$ cat start.pdb   # PDB, C-alpha atoms
MODEL        1
ATOM      1  CA  MET A  18      79.056 124.797  73.340  1.00  0.00           C
ATOM      2  CA  ALA A  19      76.295 122.241  72.863  1.00  0.00           C
ATOM      3  CA  ALA A  20      76.944 118.530  73.014  1.00  0.00           C
ATOM      4  CA  PRO A  21      77.024 116.840  69.624  1.00  0.00           C
ATOM      5  CA  THR A  22      73.876 115.030  68.606  1.00  0.00           C
ATOM      6  CA  MET A  23      74.230 111.283  68.460  1.00  0.00           C
ATOM      7  CA  THR A  24      72.173 108.594  66.843  1.00  0.00           C
ATOM      8  CA  ALA A  25      70.546 106.024  69.089  1.00  0.00           C
ATOM      9  CA  GLU A  26      73.169 103.488  68.014  1.00  0.00           C
ATOM     10  CA  GLN A  27      76.080 105.839  68.804  1.00  0.00           C
ATOM     11  CA  ARG A  28      74.549 106.646  72.177  1.00  0.00           C
ATOM     12  CA  ALA A  29      74.158 102.946  73.000  1.00  0.00           C
ATOM     13  CA  GLU A  30      77.799 102.303  72.036  1.00  0.00           C
ATOM     14  CA  ALA A  31      78.995 105.203  74.186  1.00  0.00           C
ATOM     15  CA  LEU A  32      76.947 103.987  77.153  1.00  0.00           C
ATOM     16  CA  GLU A  33      78.336 100.460  76.784  1.00  0.00           C
ATOM     17  CA  LYS A  34      81.911 101.773  76.579  1.00  0.00           C
ATOM     18  CA  ALA A  35      81.357 103.881  79.713  1.00  0.00           C
ATOM     19  CA  ARG A  36      79.887 100.874  81.543  1.00  0.00           C
ATOM     20  CA  LYS A  37      82.959  98.775  80.704  1.00  0.00           C
ATOM     21  CA  VAL A  38      85.328 101.515  81.909  1.00  0.00           C
ATOM     22  CA  ARG A  39      83.404 101.885  85.183  1.00  0.00           C
ATOM     23  CA  ALA A  40      83.480  98.115  85.706  1.00  0.00           C
ATOM     24  CA  ALA A  41      87.246  97.966  85.073  1.00  0.00           C
ATOM     25  CA  ARG A  42      87.869 100.896  87.415  1.00  0.00           C
ATOM     26  CA  SER A  43      85.722  99.220  90.063  1.00  0.00           C
ATOM     27  CA  GLU A  44      87.789  96.050  89.680  1.00  0.00           C
ATOM     28  CA  VAL A  45      91.012  98.019  90.274  1.00  0.00           C
ATOM     29  CA  THR A  46      89.462  99.676  93.332  1.00  0.00           C
ATOM     30  CA  THR A  47      88.388  96.288  94.693  1.00  0.00           C
ATOM     31  CA  LYS A  48      91.881  94.837  94.161  1.00  0.00           C
ATOM     32  CA  LEU A  49      93.437  97.804  95.963  1.00  0.00           C
ATOM     33  CA  SER A  50      91.076  97.566  98.926  1.00  0.00           C
ATOM     34  CA  ALA A  51      91.575  93.790  99.210  1.00  0.00           C
ATOM     35  CA  GLY A  52      95.364  94.145  99.080  1.00  0.00           C
ATOM     36  CA  ILE A  53      95.620  92.060  95.901  1.00  0.00           C
ATOM     37  CA  MET A  54      97.221  94.995  94.090  1.00  0.00           C
ATOM     38  CA  SER A  55      99.667  97.311  95.828  1.00  0.00           C
ATOM     39  CA  PRO A  56      99.514 101.063  95.274  1.00  0.00           C
ATOM     40  CA  ALA A  57     103.031 100.931  93.784  1.00  0.00           C
ATOM     41  CA  ASP A  58     101.936  98.326  91.220  1.00  0.00           C
ATOM     42  CA  ALA A  59      98.905 100.399  90.284  1.00  0.00           C
ATOM     43  CA  LEU A  60     100.959 103.580  89.930  1.00  0.00           C
ATOM     44  CA  LYS A  61     103.362 101.767  87.583  1.00  0.00           C
ATOM     45  CA  LYS A  62     100.390 101.316  85.220  1.00  0.00           C
ATOM     46  CA  ILE A  63      99.607 105.032  85.132  1.00  0.00           C
ATOM     47  CA  ASP A  64      99.582 105.025  81.315  1.00  0.00           C
ATOM     48  CA  ASP A  65      96.609 102.643  81.350  1.00  0.00           C
ATOM     49  CA  PRO A  66      93.560 104.900  80.864  1.00  0.00           C
ATOM     50  CA  ILE A  67      91.587 102.919  83.439  1.00  0.00           C
ATOM     51  CA  ILE A  68      94.064 103.714  86.226  1.00  0.00           C
ATOM     52  CA  GLY A  69      95.392 107.016  84.890  1.00  0.00           C
ATOM     53  CA  ARG A  70      91.957 108.602  84.740  1.00  0.00           C
ATOM     54  CA  MET A  71      91.057 107.640  88.305  1.00  0.00           C
ATOM     55  CA  LYS A  72      90.723 110.540  90.679  1.00  0.00           C
ATOM     56  CA  VAL A  73      93.502 110.621  93.257  1.00  0.00           C
ATOM     57  CA  LYS A  74      90.937 110.880  96.037  1.00  0.00           C
ATOM     58  CA  SER A  75      89.132 107.664  95.046  1.00  0.00           C
ATOM     59  CA  PHE A  76      92.474 105.884  94.472  1.00  0.00           C
ATOM     60  CA  VAL A  77      93.784 106.693  97.956  1.00  0.00           C
ATOM     61  CA  ASN A  78      90.383 106.137  99.558  1.00  0.00           C
ATOM     62  CA  ALA A  79      90.343 102.577  98.152  1.00  0.00           C
ATOM     63  CA  LEU A  80      93.486 101.664 100.074  1.00  0.00           C
ATOM     64  CA  PRO A  81      93.152  99.803 103.375  1.00  0.00           C
ATOM     65  CA  GLY A  82      93.496 102.161 106.323  1.00  0.00           C
ATOM     66  CA  TYR A  83      92.481 105.264 104.379  1.00  0.00           C
ATOM     67  CA  GLY A  84      89.067 106.707 105.019  1.00  0.00           C
ATOM     68  CA  LYS A  85      87.617 110.017 103.997  1.00  0.00           C
ATOM     69  CA  VAL A  86      89.400 112.119 106.634  1.00  0.00           C
ATOM     70  CA  LYS A  87      92.817 110.487 106.288  1.00  0.00           C
ATOM     71  CA  THR A  88      92.586 110.713 102.484  1.00  0.00           C
ATOM     72  CA  GLU A  89      91.715 114.414 102.564  1.00  0.00           C
ATOM     73  CA  LYS A  90      94.510 115.104 105.061  1.00  0.00           C
ATOM     74  CA  LEU A  91      97.080 113.295 102.876  1.00  0.00           C
ATOM     75  CA  MET A  92      95.992 115.146  99.755  1.00  0.00           C
ATOM     76  CA  GLU A  93      96.161 118.469 101.577  1.00  0.00           C
ATOM     77  CA  GLU A  94      99.669 117.690 102.872  1.00  0.00           C
ATOM     78  CA  LEU A  95     100.827 116.765  99.364  1.00  0.00           C
ATOM     79  CA  GLY A  96      99.183 119.806  97.785  1.00  0.00           C
ATOM     80  CA  ILE A  97      96.948 117.755  95.486  1.00  0.00           C
ATOM     81  CA  PRO A  98      93.629 119.386  94.540  1.00  0.00           C
ATOM     82  CA  GLU A  99      90.502 117.344  95.245  1.00  0.00           C
ATOM     83  CA  GLY A 100      89.435 116.802  91.629  1.00  0.00           C
ATOM     84  CA  ARG A 101      92.882 115.845  90.284  1.00  0.00           C
ATOM     85  CA  ARG A 102      93.292 112.611  88.343  1.00  0.00           C
ATOM     86  CA  LEU A 103      96.353 110.360  88.626  1.00  0.00           C
ATOM     87  CA  GLN A 104      97.615 111.231  85.129  1.00  0.00           C
ATOM     88  CA  GLY A 105      97.275 114.912  85.968  1.00  0.00           C
ATOM     89  CA  LEU A 106      99.778 114.821  88.814  1.00  0.00           C
ATOM     90  CA  GLY A 107     103.086 116.590  88.450  1.00  0.00           C
ATOM     91  CA  SER A 108     106.302 114.617  88.836  1.00  0.00           C
ATOM     92  CA  LYS A 109     106.928 115.970  92.344  1.00  0.00           C
ATOM     93  CA  GLN A 110     103.344 115.238  93.412  1.00  0.00           C
ATOM     94  CA  MET A 111     103.627 111.687  92.047  1.00  0.00           C
ATOM     95  CA  GLU A 112     106.920 111.122  93.893  1.00  0.00           C
ATOM     96  CA  ASN A 113     105.412 112.401  97.126  1.00  0.00           C
ATOM     97  CA  LEU A 114     102.285 110.269  96.686  1.00  0.00           C
ATOM     98  CA  LYS A 115     104.365 107.125  96.076  1.00  0.00           C
ATOM     99  CA  ALA A 116     106.516 107.880  99.118  1.00  0.00           C
ATOM    100  CA  ALA A 117     103.460 108.451 101.316  1.00  0.00           C
ATOM    101  CA  LEU A 118     101.755 105.226 100.273  1.00  0.00           C
ATOM    102  CA  VAL A 119     104.727 102.871 100.531  1.00  0.00           C
TER     103      VAL A 119
ENDMDL
END

$ encode --input "start.pdb" --output "structure tokens"
Amino acid sequence: MAAPTMTAEQRAEALEKARKVRAARSEVTTKLSAGIMSPADALKKIDDPIIGRMKVKSFVNALPGYGKVKTEKLMEELGIPEGRRLQGLGSKQMENLKAALV
């Protein structure tokens, strides 16, 4: 299926919206890595599209003490696929993730 054709104005609006979402997601990642926001606080806001659409891997990787290897090991232990987003986690996976990060 081909992508819909957009006018130059629609394309510019879509690009601006995407830029704002990336900036907001980057802000959340920065707060997590600086310890300003706890993982539990972030996971309480899972209905927010900015946080909910983050990939689990980038969420965990943003936390202090979690690098690439430790993040991959945690996700493997919890049975979370690499490309999964926070909103896409099952209830059991979410419980296990919260327990592992607290």

$ resolve_selection --input "start.pdb" --expression "the PyMOL selection byres ((chain A and resi 74) around 8)" --output "ChimeraX atom specification"
/A:72-73,75-78,88-89,92,99-101

$ resolve_selection --input "start.pdb" --expression "the PyMOL selection byres ((chain A and resi 117) around 12)" --output "list of chain:residue names"
A:Pro56, A:Ala57, A:Val77, A:Tyr83, A:Lys87, A:Thr88, A:Lys90, A:Leu91, A:Met92, A:Glu94, A:Leu95, A:Gln110, A:Met111, A:Glu112, A:Asn113, A:Leu114, A:Lys115, A:Ala116, A:Leu118, A:Val119

$ closest_residue --input "start.pdb" --among "A:Lys37, A:Gln27, A:Ile97, A:Met18" --to "Lys109 of chain A" --atoms "only C-alpha atoms"
A:Ile97

$ residues_near_point --input "start.pdb" --point "(95.1, 97.5, 101.9)" --cutoff "7 Å" --atoms "all atoms listed in the file" --output "PDB file with C-alpha atoms, in the frame of the given file"
ATOM      1  CA  LEU A  49      93.437  97.804  95.963  1.00  0.00           C
ATOM      2  CA  SER A  50      91.076  97.566  98.926  1.00  0.00           C
ATOM      3  CA  ALA A  51      91.575  93.790  99.210  1.00  0.00           C
ATOM      4  CA  GLY A  52      95.364  94.145  99.080  1.00  0.00           C
ATOM      5  CA  LEU A  80      93.486 101.664 100.074  1.00  0.00           C
ATOM      6  CA  PRO A  81      93.152  99.803 103.375  1.00  0.00           C
ATOM      7  CA  GLY A  82      93.496 102.161 106.323  1.00  0.00           C
TER       8      GLY A  82
END

$ atom_distance --input "start.pdb" --atom1 "atom CA of Lys48 of chain A" --atom2 "atom CA of Val86 of chain A"
21.5 Å

$ residues_around --input "start.pdb" --residues "segment 41-46 of chain A" --least-positions-apart "3" --cutoff "6 Å" --atoms "only C-alpha atoms" --output "PyMOL selection string"
chain A and resi 38+49+67+79

$ atom_distance --input "start.pdb" --atom1 "atom CA of Met71 of chain A" --atom2 "atom CA of Leu32 of chain A"
18.4 Å

$ atom_distance --input "start.pdb" --atom1 "atom CA of Lys34 of chain A" --atom2 "atom CA of Gly69 of chain A"
16.7 Å

$ closest_residue --input "start.pdb" --among "A:Ala19, A:Arg36, A:Pro98, A:Gln104" --to "Lys61 of chain A" --atoms "all atoms listed in the file"
A:Gln104

$ closest_residue --input "start.pdb" --among "A:Met54, A:Arg70, A:Met23, A:Lys62" --to "Arg39 of chain A" --atoms "all atoms listed in the file"
A:Arg70

$ axis_aligned_box --input "start.pdb" --around "segment 90-100 of chain A" --padding-each-side "3 Å" --output "JSON"
{"center_x": 95.1, "center_y": 116.6, "center_z": 98.3, "size_x": 17.4, "size_y": 12.5, "size_z": 19.4}

$ build_atoms --input "start.pdb" --residues "segment 35-46 of chain A" --atoms "all heavy atoms" --output "mmCIF file, in the frame of the given file"
data_model
loop_
_atom_site.group_PDB
_atom_site.id
_atom_site.type_symbol
_atom_site.label_atom_id
_atom_site.label_comp_id
_atom_site.auth_asym_id
_atom_site.auth_seq_id
_atom_site.Cartn_x
_atom_site.Cartn_y
_atom_site.Cartn_z
ATOM 1 N N ALA A 35 81.256 103.277 78.383
ATOM 2 C CA ALA A 35 81.357 103.881 79.713
ATOM 3 C C ALA A 35 81.110 102.842 80.796
ATOM 4 O O ALA A 35 81.780 102.846 81.841
ATOM 5 C CB ALA A 35 80.359 105.026 79.844
ATOM 6 N N ARG A 36 80.164 101.924 80.563
ATOM 7 C CA ARG A 36 79.887 100.874 81.543
ATOM 8 C C ARG A 36 81.109 99.971 81.732
ATOM 9 O O ARG A 36 81.466 99.624 82.859
ATOM 10 C CB ARG A 36 78.683 100.026 81.096
ATOM 11 C CG ARG A 36 78.242 99.010 82.137
ATOM 12 C CD ARG A 36 77.315 97.962 81.563
ATOM 13 N NE ARG A 36 77.932 97.144 80.534
ATOM 14 C CZ ARG A 36 78.811 96.165 80.753
ATOM 15 N NH1 ARG A 36 79.222 95.903 81.972
ATOM 16 N NH2 ARG A 36 79.311 95.468 79.754
ATOM 17 N N LYS A 37 81.770 99.634 80.629
ATOM 18 C CA LYS A 37 82.959 98.775 80.704
ATOM 19 C C LYS A 37 84.095 99.467 81.462
ATOM 20 O O LYS A 37 84.797 98.841 82.258
ATOM 21 C CB LYS A 37 83.431 98.382 79.309
ATOM 22 C CG LYS A 37 82.522 97.371 78.648
ATOM 23 C CD LYS A 37 83.007 97.010 77.260
ATOM 24 C CE LYS A 37 82.067 96.019 76.596
ATOM 25 N NZ LYS A 37 82.502 95.684 75.229
ATOM 26 N N VAL A 38 84.272 100.753 81.216
ATOM 27 C CA VAL A 38 85.328 101.515 81.909
ATOM 28 C C VAL A 38 85.038 101.581 83.403
ATOM 29 O O VAL A 38 85.930 101.379 84.228
ATOM 30 C CB VAL A 38 85.463 102.935 81.305
ATOM 31 C CG1 VAL A 38 86.322 103.826 82.186
ATOM 32 C CG2 VAL A 38 86.034 102.851 79.913
ATOM 33 N N ARG A 39 83.771 101.837 83.761
ATOM 34 C CA ARG A 39 83.404 101.885 85.183
ATOM 35 C C ARG A 39 83.629 100.534 85.857
ATOM 36 O O ARG A 39 84.111 100.458 86.981
ATOM 37 C CB ARG A 39 81.950 102.328 85.355
ATOM 38 C CG ARG A 39 81.728 103.798 85.157
ATOM 39 C CD ARG A 39 80.336 104.228 85.616
ATOM 40 N NE ARG A 39 79.263 103.475 84.990
ATOM 41 C CZ ARG A 39 78.680 103.780 83.842
ATOM 42 N NH1 ARG A 39 79.065 104.859 83.188
ATOM 43 N NH2 ARG A 39 77.719 103.032 83.349
ATOM 44 N N ALA A 40 83.291 99.457 85.157
ATOM 45 C CA ALA A 40 83.480 98.115 85.706
ATOM 46 C C ALA A 40 84.969 97.818 85.916
ATOM 47 O O ALA A 40 85.364 97.261 86.947
ATOM 48 C CB ALA A 40 82.856 97.071 84.793
ATOM 49 N N ALA A 41 85.799 98.197 84.954
ATOM 50 C CA ALA A 41 87.246 97.966 85.073
ATOM 51 C C ALA A 41 87.835 98.794 86.216
ATOM 52 O O ALA A 41 88.676 98.312 86.980
ATOM 53 C CB ALA A 41 87.949 98.298 83.765
ATOM 54 N N ARG A 42 87.385 100.034 86.341
ATOM 55 C CA ARG A 42 87.869 100.896 87.415
ATOM 56 C C ARG A 42 87.428 100.351 88.782
ATOM 57 O O ARG A 42 88.175 100.384 89.752
ATOM 58 C CB ARG A 42 87.351 102.320 87.203
ATOM 59 C CG ARG A 42 88.156 103.352 87.934
ATOM 60 C CD ARG A 42 87.837 104.753 87.477
ATOM 61 N NE ARG A 42 88.411 104.987 86.159
ATOM 62 C CZ ARG A 42 87.784 105.595 85.163
ATOM 63 N NH1 ARG A 42 86.566 106.047 85.319
ATOM 64 N NH2 ARG A 42 88.376 105.775 84.012
ATOM 65 N N SER A 43 86.224 99.826 88.835
ATOM 66 C CA SER A 43 85.722 99.220 90.063
ATOM 67 C C SER A 43 86.545 97.991 90.435
ATOM 68 O O SER A 43 86.819 97.750 91.616
ATOM 69 C CB SER A 43 84.254 98.832 89.884
ATOM 70 O OG SER A 43 83.784 98.150 91.002
ATOM 71 N N GLU A 44 86.954 97.225 89.437
ATOM 72 C CA GLU A 44 87.789 96.050 89.680
ATOM 73 C C GLU A 44 89.141 96.456 90.276
ATOM 74 O O GLU A 44 89.629 95.834 91.217
ATOM 75 C CB GLU A 44 87.998 95.281 88.379
ATOM 76 C CG GLU A 44 88.765 94.001 88.535
ATOM 77 C CD GLU A 44 88.942 93.264 87.214
ATOM 78 O OE1 GLU A 44 88.116 93.430 86.313
ATOM 79 O OE2 GLU A 44 89.940 92.531 87.105
ATOM 80 N N VAL A 45 89.734 97.517 89.740
ATOM 81 C CA VAL A 45 91.012 98.019 90.274
ATOM 82 C C VAL A 45 90.819 98.478 91.716
ATOM 83 O O VAL A 45 91.637 98.160 92.591
ATOM 84 C CB VAL A 45 91.560 99.171 89.400
ATOM 85 C CG1 VAL A 45 92.728 99.862 90.080
ATOM 86 C CG2 VAL A 45 91.960 98.655 88.036
ATOM 87 N N THR A 46 89.739 99.191 91.983
ATOM 88 C CA THR A 46 89.462 99.676 93.332
ATOM 89 C C THR A 46 89.294 98.507 94.300
ATOM 90 O O THR A 46 89.816 98.534 95.420
ATOM 91 C CB THR A 46 88.185 100.543 93.330
ATOM 92 O OG1 THR A 46 88.370 101.616 92.413
ATOM 93 C CG2 THR A 46 87.893 101.117 94.693
#
